[in-house]
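What follows is one structure encoded as structure tokens, with my remarks underneath.
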Amino acid sequence: MTLLARFAFVWLLLGLTLTGAYADGLTLTASFGIGGRYRPGTWCPVTVTVHNPNGVTVSGQLQVLASPTPGRNNAGGNASLGSALFARPVSIGAGNSQQFTVYTRGIDPGHDAVTVQLLDGFKRGDGRVLARTDNEPTNGTPTIAGGVIAENDFLLVGLGGEIGAFSTFNGQQANASRLPGGSPVPISVLSTPNRYTSTTHGTIQVASPLPVNLPDKAAGYSGVDVVILRSDAPLDALTEAQSEAIKGWVASGGCLLVVCSGTDPTPLTSTFYAALLPAAVGPAGAGGKLTLTRKSLPGAMAVPGQPFSVTGPYGAGRVMMTTDPNISGTQMLQMTNGRLSSPLLTHIAVRQENYAAAYYGSGQNLLSDAVMRAPSLDAPGTEVIGLFLLVYLIVLVPVNYIVLKRLDRKEMAWVTIPLLVLLFAGGTFAVGYAAKGGSVFLNRAAIVETTAGHREAGVYTEMGLFSPHRTSYDITVSGANSLTTLPNPGYNYNYRSQNSSAEMQTNGQTKFVQSSEGTTLLDTSVNMWAMRAFDTQATTDLGGTISSSLSRTDTGAVGTVSNHTKYVLSDCVLLYGGQVQSLGSLGQGATLPVALGRYSAAGNGSLGLPNLPGETAGDEAHTDVRQRMRWALAGYVRSLGALNSNNYYGGDGPPPPPYAPTPHEALLLGWSESPVLAGPSPKVDGHSVQENDATLVVIHLPIAEK
């Protein structure tokens with residue numbers, strides 16, 4: 001053995017010894033949700049603490065592996081969930097204990113088998129297991145902590161004050177279908193919509209996590225109804241990502257309650273609150289409470305029945321402020337109802353995350369259907385198939401026979417028949433390959449939502465990756481504030497349908513690797529000439545605002561709408577009380593006059609989107625992919641408004657959709673041609689691919705009283 005070979009052998013042996021050494025004594029502890037509370041089916045943060053007692057740094061991939069437990073029903077809505085792996089690369093310093101968050105979606109730790117493990121392999125986690133734990137009970141006690149939130153209950157996350165500051169809310173009852181006074185509950189939580197069909201009373205459940213345990217991604221709050229911040233909340237202890245996550249969640253449709261306690265308004269003047277609060281906070285008045293002065297923002301208003309409270313929009317969500325430290329849980333939930341409709345984005349997430357359980361038998365559309373629109377996915381027509389079979393049979397039997405008979409070589413049929421079969425099979429494949437295409441491409445259908453006067457907007461983007469081959473891809477979506485996954489991990493979507501469970505099992509394990517730069521879907525398998533859907537939830541800055549000056553009159557509402565964003569909106573329509581007003585294109589810097597008739601609640605049973613320009617009776621007649629996607633996206637939004645199924649609401653008939661325009665607002669909808677609004681373009685195996693985008697922008701326009 002040469003000196004170099006001996007050196008290499010010793011170095012390899014030393015490396016193996018070190019690897020084995022640093023794995024000794026590693027321990028993991030994990031908990032689900034926020035403050036130990038989680039809602040099945042939604043994005044759920046898993047907090048993992050890794051203790052490394054060794055003298056060397058340990059690097060690897062931290063994984064949360066979930067798979068269905070036989071004989072159990074999945075309460076999260078994804079009853080056919082295949083095995084899914086959610087992971088992130090980590091490094092733990094020598095002798096340190098470090099905390100990490102891994103985000104999961106579509107799993108229920110109460111019903112699924114869940115394993116948390118640290119593996120060698122920083123990028124792919126394909127090495128040996130260094131440490132692991134699971135949710136199998138030990139002596140009757142779960143080894144992974146976490147308490148489930150029932151579908152009828154409301155989850156409140158509170159920060160600030162002494163221990164037990166929010167305990168008065170815990171366990172208070174609230175009607176799950178209607179609040180006192182008959183007002184519909186706003187769907188502000190991304191949980192199963194079946195909670196709104198229940199005749200039982202849900203309860204308020206409170207989580208009071210330490211600041212370090214709060215999510216650093218907006219989607220991590222998707223199972224939360226309301227986040228409460230007391231004025232003494234330790235916001236300085238939050239990282240920038242955690243602060244942006246709270247604001248991003250509100251902008252995407254969340255509800256934030258700020259309790260202005262004490263007599264010092266200084267904490268509420270921090271930069272965190274600068275654009276959030278609908279009112280300015282002043283020194284304590286005669287009653288000893290801080291004073292609130294409503295800002296002149298669209299939609300900002302005093303809360304009816306709450307003299308010390310103000311509410312206003314932020315993006316697609318709402319922010320409430322109160323100086324009443326004794327506000328009850330029911331009063332707080334009433335405040336979240338407000339006077340404006342609740343956002344579409346929350347309905348979209350509900351349907352995408354819970355369709356299997358919540359929409360059984362209702363035939364509801366999915367946003368993922370909108371991206372399954374391309375000529376490459378179309379099946380051949382019956383006329384084409386019939387003509388092909390006819391030609392095939394004619395050539396194979398009579399033509400083949402006549403030719404061989406004239407050549408007096410009929411015995412050669414045993415050669416010509418297989419050759420003809422191979423010829424037609426090869427021709428069929430060649431024609432199919434030419435028709436379907438040999439390139440990977442991506443369809444993206446996005447809905448962007450905010451309120452007039454706000455730059456911040458929530459974005460829900462559905463993507464479909466078409467593959468000309470049966471293979472696997474690494475799909476990377478950048479964006480520090482976004483999270484990406486398949487709507488139902490383990491499913492492979494074909495055109496508007498799902499493949500069989502047997503085929504699903506051949507797709508292998510789905511791996512979602514998260515980092516500070518974005519998410520990578522590793523080894524994502526797609527069948528030949530099929531499409532696989534995945535979605536991204538994020539926030540964006542419009543670079544300006546849509547402003548409106550709408551006010552009520554005796555005959556309706558009048559005013560103007562102006563576009564101060566960086567984007568042109570085309571084919572705009574205005575919805576109000578069952579009315580549809582076409583506005584045409586709203587360019588950058590453009591202002592359009594608006595004149596609305598009287599509001600009619602009876603007209604709000606559906607959003608009533610008009611046909612798009614050039615739309616015909618069937619979308620299959622279109623050959624343009626973007627036009628097909630627009631048609632499907634508009635139809636999907638229409639389906640959100642047609643909530644007339646007893647499966648959804650039950651009882652004596654459904655109320656109007658909670659997000660349909662109320663007398664106090666109109667909805668502006670328009671299309672954007674900019675791919676930027678749909679979010680960062682994914683990379684497939686490290687490369688950009690052809691994209692087809694359809695982006696619908698939804699703006700809530702508050703209407704002032706005359």
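Chain labels follow the order of the structure tokens: the first chain is A, the next B, and so on; residue numbering restarts at 1 in every chain, and ligands are counted from 1 in their shown order.
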
Need the shell around Ser585 in chain A: protein/DNA/RNA residues with any atom at most 8 Å away, counting only C-alpha atoms. Skip same-chain ones fewer than 3 positions apart. Format as a VMD selection string? chain A and resid 568 to 572

In Å, how far is it from CA of Ile107 in chain A to CA of Asn170 in chain A?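 These two atoms are separated by 25.3 Å.
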
Near Phe441 in chain A, counting only C-alpha atoms, which residues have an atom at most 6 Å away, once you skip same-chain residues fewer than 5 positions from it, shown as a list of chain:residue names? A:Phe466, A:Val689, A:Gln690, A:Glu691

Keeping C-alpha atoms, export the residues of the selection given above as a tab-separated table (two decimals), in the first residue's frame.
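Dumped everything to again.tsv:
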chain	number	residue	atom	x	y	z
A	466	PHE	CA	-46.33	19.23	-16.98
A	689	VAL	CA	-39.12	26.60	-17.69
A	690	GLN	CA	-41.86	28.01	-19.89
A	691	GLU	CA	-44.73	29.50	-17.87

Have a look at CA of Gly110 in chain A and CA of Glu136 in chain A and let me know their distance in Å, one decimal.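 These atoms are spaced 10.0 Å apart.
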
From A:Leu522, A:Val676, A:Val212, A:Ala425, residue lying nearest Arg124 in chain A [only C-alpha atoms]: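 Comparing A:Leu522, A:Val676, A:Val212, A:Ala425 against Arg124 in chain A, the winner is A:Leu522.
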
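The two atoms in question, CA of Trp671 in chain A and CA of Val448 in chain A, are spaced 9.9 Å apart.
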
Which residue out of A:Ile92, A:Leu229, A:Leu419, A:Leu65 has the minimum interatomic distance to Arg105 in chain A when only C-alpha atoms are used?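 Among the listed residues, A:Leu65 lies closest to Arg105 in chain A.
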
I'd like the contact shell of Ala284 in chain A - 9 Å cut-off, only C-alpha atoms, skipping same-chain residues fewer than 4 positions apart - returned as a list of chain:residue names. A:Gly262, A:Thr263, A:Asp264, A:Pro265, A:Gly288, A:Lys289, A:Leu290, A:Thr291

Using N, CA and C atoms, can you write the selected residues to a file as a compact mmCIF listing (two decimals), in the first residue's frame?
# COMPACT_ATOMS: atom_id res chain seq x y z
N GLY A 262 -52.93 49.58 30.16
CA GLY A 262 -52.04 50.50 30.86
C GLY A 262 -52.34 51.94 30.52
N THR A 263 -51.42 52.80 30.86
CA THR A 263 -51.60 54.24 30.64
C THR A 263 -50.51 54.84 29.77
N ASP A 264 -49.55 54.01 29.32
CA ASP A 264 -48.43 54.53 28.53
C ASP A 264 -48.60 54.10 27.07
N PRO A 265 -48.81 55.05 26.14
CA PRO A 265 -49.00 54.69 24.74
C PRO A 265 -47.69 54.44 23.99
N GLY A 288 -59.13 56.82 32.77
CA GLY A 288 -57.93 56.05 33.05
C GLY A 288 -57.53 55.12 31.93
N LYS A 289 -58.22 55.18 30.78
CA LYS A 289 -57.90 54.32 29.64
C LYS A 289 -57.23 55.14 28.56
N LEU A 290 -56.35 54.47 27.79
CA LEU A 290 -55.72 55.12 26.66
C LEU A 290 -56.80 55.56 25.66
N THR A 291 -56.56 56.66 24.98
CA THR A 291 -57.53 57.17 24.02
C THR A 291 -57.17 56.72 22.61

In terms of the shortest atom-to-atom distance over only C-alpha atoms, which of A:Ser551, A:Thr476, A:Thr545, A:Ser67 is closest to Ala590 in chain A? A:Thr545

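Restricting the calculation to only C-alpha atoms, the smallest distance between Thr27 in chain A and any of A:Asn326, A:Thr133, A:Thr266, A:Asn692 is found for A:Thr133.
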
Select from range 422-490 of chain A every residue with an atom at most 9 Å from any atom of range 624-631 of chain A, then for each give the shortest pair of atoms and their distance in Å to one decimal, using only C-alpha atoms, rows by chain and rising number, as CSV.
residue,atom,partner,partner_atom,distance
A:Asn443,CA,A:Met629,CA,8.4
A:Arg444,CA,A:Met629,CA,8.5
A:Ala445,CA,A:Met629,CA,7.0

For Thr591 in chain A, find every residue with an atom within 8 Å (counting only C-alpha atoms), except residues of its own chain fewer than 6 positions away, and show them as a VMD selection string. chain A and resid 560 to 563

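Shortest atom-to-atom contact with Ser516 in chain A among A:Glu411, A:Glu151, A:Asp216, A:Asp112: A:Asp216, counting only C-alpha atoms.
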
Spatial neighbours of Thr451 in chain A, max dist 12 Å, only C-alpha atoms, sep filter under 4 positions, as a PyMOL selection string: chain A and resi 250-253+297-300+312-318+340-344+455-458+542+544-548+665-669+697-703

So, with only C-alpha atoms as the atoms that count, which of A:Ile348, A:Phe166, A:Ala150, A:Leu257 lies closest to Leu633 in chain A?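 Of all the options, A:Ile348 lies closest to Leu633 in chain A.
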